[in-house]
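Novice: So I've got this file, model10.csv, and it contains CSV, C-alpha atoms (C1' of nucleotides):
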chain,number,residue,atom,x,y,z
A,1303,MET,CA,98.0,127.1,108.6
A,1304,ASN,CA,99.7,123.8,108.4
A,1305,THR,CA,103.3,124.2,107.5
A,1306,GLU,CA,103.9,120.7,108.7
A,1307,SER,CA,104.1,118.0,106.2
A,1308,TYR,CA,101.1,115.8,105.5
A,1309,TYR,CA,102.6,113.0,107.5
A,1310,GLN,CA,102.9,115.3,110.5
A,1311,LYS,CA,99.1,115.4,110.4
A,1312,VAL,CA,99.0,111.7,110.3
A,1313,PHE,CA,101.2,111.5,113.4
A,1314,ASP,CA,99.0,113.9,115.3
A,1315,LEU,CA,95.8,112.1,114.3
A,1316,THR,CA,97.3,108.7,115.1
A,1317,ARG,CA,98.2,110.0,118.6
A,1318,LEU,CA,94.5,111.1,119.0
A,1319,ILE,CA,93.3,107.6,118.6
A,1320,PRO,CA,91.7,106.6,121.9
A,1321,LYS,CA,93.2,103.6,123.7
A,1322,GLY,CA,91.4,100.4,122.9
A,1323,ARG,CA,90.3,101.8,119.5
A,1324,ILE,CA,91.6,101.4,116.0
A,1325,THR,CA,91.2,103.2,112.7
A,1326,THR,CA,92.0,102.6,109.0
A,1327,TYR,CA,94.4,104.2,106.6
A,1328,GLY,CA,91.5,105.2,104.3
A,1329,ALA,CA,89.6,106.9,107.1
A,1330,MET,CA,92.6,109.0,108.0
A,1331,ALA,CA,93.4,109.7,104.4
A,1332,SER,CA,89.8,110.8,103.8
A,1333,TYR,CA,89.7,112.9,106.9
A,1334,LEU,CA,93.1,114.5,106.2
A,1335,ALA,CA,92.2,114.7,102.5
A,1336,LEU,CA,95.5,113.2,101.5
A,1337,GLY,CA,94.0,111.6,98.4
A,1338,SER,CA,95.3,108.1,99.0
A,1339,ALA,CA,95.5,105.7,101.9
A,1340,ARG,CA,99.1,104.9,100.8
A,1341,MET,CA,100.2,108.3,101.9
A,1342,VAL,CA,99.1,107.4,105.5
A,1343,GLY,CA,101.1,104.2,105.3
A,1344,TRP,CA,104.1,106.1,104.0
A,1345,ALA,CA,103.9,108.6,106.9
A,1346,LEU,CA,103.6,105.9,109.5
A,1347,ASN,CA,106.6,104.2,108.0
A,1348,LYS,CA,108.6,107.2,109.0
A,1349,SER,CA,106.8,107.6,112.3
A,1350,PHE,CA,109.2,105.2,114.0
A,1351,VAL,CA,112.0,107.6,113.1
A,1352,GLY,CA,112.0,110.0,116.0
A,1353,HIS,CA,108.3,109.9,116.5
A,1354,SER,CA,106.5,107.9,119.1
A,1355,VAL,CA,103.2,107.2,117.3
A,1356,PRO,CA,100.8,104.3,118.2
A,1357,ALA,CA,100.9,103.0,114.7
A,1358,HIS,CA,99.7,99.7,116.0
A,1359,ARG,CA,96.2,101.3,116.3
A,1360,VAL,CA,96.2,101.8,112.6
A,1361,VAL,CA,95.1,98.9,110.4
A,1362,ASN,CA,93.9,98.4,106.9
A,1363,ARG,CA,90.4,98.2,105.6
A,1364,LYS,CA,90.2,94.5,106.4
A,1365,GLY,CA,91.2,95.1,110.0
A,1366,GLU,CA,94.4,93.3,109.2
A,1367,LEU,CA,97.7,94.2,110.8
A,1368,SER,CA,99.3,94.7,107.5
A,1369,GLY,CA,102.2,96.8,108.8
A,1370,ARG,CA,103.3,94.4,111.6
A,1371,ASN,CA,106.2,93.4,109.4
A,1372,HIS,CA,107.6,96.9,109.6
A,1373,PHE,CA,107.5,96.9,113.4
A,1374,PRO,CA,110.7,96.4,115.4
A,1375,ASN,CA,109.1,93.0,116.1
A,1376,PRO,CA,106.1,91.7,114.2
A,1377,GLU,CA,104.6,90.3,117.4
A,1378,LEU,CA,105.0,93.7,119.1
A,1379,MET,CA,102.0,95.2,117.2
A,1380,GLN,CA,99.6,92.4,118.2
A,1381,GLN,CA,100.9,92.5,121.7
A,1382,LEU,CA,100.3,96.2,122.0
A,1383,LEU,CA,96.7,95.8,120.7
A,1384,GLU,CA,96.0,93.0,123.1
A,1385,SER,CA,97.5,95.1,125.9
A,1386,GLU,CA,94.8,97.7,125.1
A,1387,GLY,CA,92.0,95.2,125.2
A,1388,ILE,CA,91.8,94.7,121.5
A,1389,GLU,CA,91.3,91.1,120.4
A,1390,VAL,CA,93.6,90.0,117.7
A,1391,GLU,CA,93.5,86.7,115.9
A,1392,ASP,CA,95.6,85.6,113.0
A,1393,ASN,CA,97.0,89.2,112.7
A,1394,ARG,CA,93.5,90.5,112.3
A,1395,VAL,CA,91.3,92.5,114.7
A,1396,ILE,CA,88.3,90.5,115.7
A,1397,ASN,CA,85.8,93.2,116.7
A,1398,PHE,CA,87.3,95.5,114.1
A,1399,LYS,CA,84.0,97.1,113.1
A,1400,ASP,CA,83.1,97.6,116.7
A,1401,LEU,CA,86.5,99.0,117.7
A,1402,PHE,CA,86.7,101.1,114.6
A,1403,TRP,CA,87.3,104.8,115.4
A,1404,ASP,CA,86.3,107.5,113.0
A,1405,PRO,CA,88.5,110.6,112.9
A,1406,GLY,CA,85.3,112.7,112.7
A,1407,GLU,CA,84.0,111.1,115.9
A,1408,GLU,CA,87.0,111.9,118.1
A,1409,LEU,CA,84.6,113.4,120.6
A,1410,ASP,CA,82.8,110.1,120.9
A,1411,ILE,CA,85.5,108.8,123.3
A,1412,ASP,CA,84.4,107.8,126.8
A,1413,LEU,CA,82.2,104.8,127.5
B,753,DG,C1',115.8,112.2,85.9
B,754,DG,C1',113.3,107.8,85.2
B,755,DA,C1',111.4,103.6,87.0
B,756,DT,C1',109.8,100.9,90.9
B,757,DT,C1',108.1,100.3,95.3
B,758,DG,C1',105.0,101.1,99.2
B,759,DA,C1',101.9,99.9,106.5
B,760,DC,C1',95.8,100.7,100.8
B,761,DG,C1',91.4,101.4,98.6
B,762,DT,C1',88.0,101.0,95.1
B,763,DC,C1',86.1,99.3,90.7
B,764,DT,C1',85.4,95.9,87.3
B,765,DG,C1',85.1,91.1,85.7
C,408,DG,C1',81.0,86.8,96.7
C,409,DC,C1',85.8,86.3,95.3
C,410,DA,C1',89.9,87.6,92.3
C,411,DG,C1',92.5,90.6,89.7
C,412,DA,C1',93.8,95.1,87.9
C,413,DC,C1',94.2,100.1,88.3
C,414,DG,C1',94.9,104.4,90.7
C,415,DC,C1',97.2,107.6,94.5
C,416,DC,C1',101.2,110.5,95.6
C,417,DA,C1',105.6,110.5,97.5
C,418,DA,C1',110.1,108.6,98.5
C,419,DT,C1',113.9,105.6,97.3
C,420,DC,C1',117.1,103.2,94.1
Take the structure in the file and write it out as structure tokens.
Specialist:
Amino acid sequence: MNTESYYQKVFDLTRLIPKGRITTYGAMASYLALGSARMVGWALNKSFVGHSVPAHRVVNRKGELSGRNHFPNPELMQQLLESEGIEVEDNRVINFKDLFWDPGEELDIDL
DNA sequence: GGATTGACGTCTG
DNA sequence: GCAGACGCCAATC
């Protein structure tokens, strides 16, 4: 059973995001049955406190780097995404729909 | 203890 | 199709 807090699940799921892929708050919230995408954002906000989580791979429904402002450096998030081969323009992921990773398809990594 | 905010999403107009 | 309002649940002030 999961004695961990709901954000612990978010941390784990966020770490499972394959490199070069991104996901949305709503997808994670739906998969983890949190009830609201805001809970995911809340969890990731604490993720920086003693938790190394690739939160830069998590964007909103619009593929927008909404949380970049909460990073140590706003440009860090975009830089990390570009470093993984993700194209980012105007704080938004270009091939967002193509790079979108669904929590239920975590086995669809490779290729 | 109450009110507001918060890395969002969906519905209605 | 775009804009605005409401809803979610938890944490912080």
Novice: What are the closest atom pairs, with distances in Å to one decimal, for all residues of chain A lying within 7 Å of chain C? Consider all atoms listed in the file, order rows by chain and residue number, and present the result as a Markdown table.
Specialist:
| residue | atom | partner | partner_atom | distance |
| --- | --- | --- | --- | --- |
| A:Gly1337 | CA | C:DC415 | C1' | 6.4 |
| A:Ser1338 | CA | C:DC415 | C1' | 4.9 |
| A:Met1341 | CA | C:DC416 | C1' | 6.7 |
Novice: Identify which of the residues A:Ala1345, A:Val1312, A:Ile1324, A:Ile1319 lies closest to Val1360 of chain A, counting all atoms listed in the file when measuring atom-to-atom distances.
Specialist: A:Ile1324
Novice: Return the neighbours of chain A among the residues of chain B, cut-off 9 Å, counting only C-alpha atoms (C1' of nucleotides), as a list in words.
Specialist: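 Residues of chain B within 9 Å of chain A, counting only C-alpha atoms (C1' of nucleotides): DG758, DA759, DC760 and DG761 of chain B.
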Novice: Could you jot down the atom CA of Gly1387 of chain A to atom CA of Phe1402 of chain A separation for me, Å, one decimal place?
Specialist: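 For atom CA of Gly1387 of chain A relative to atom CA of Phe1402 of chain A, the distance reads 13.2 Å.
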Novice: Point out the residue among A:Leu1378, A:Val1390, A:Leu1318, A:Ala1335 with the least atom-to-atom distance to Val1355 of chain A, counting all atoms listed in the file.
Specialist: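 Using all atoms listed in the file, Val1355 of chain A sits closest to A:Leu1318.
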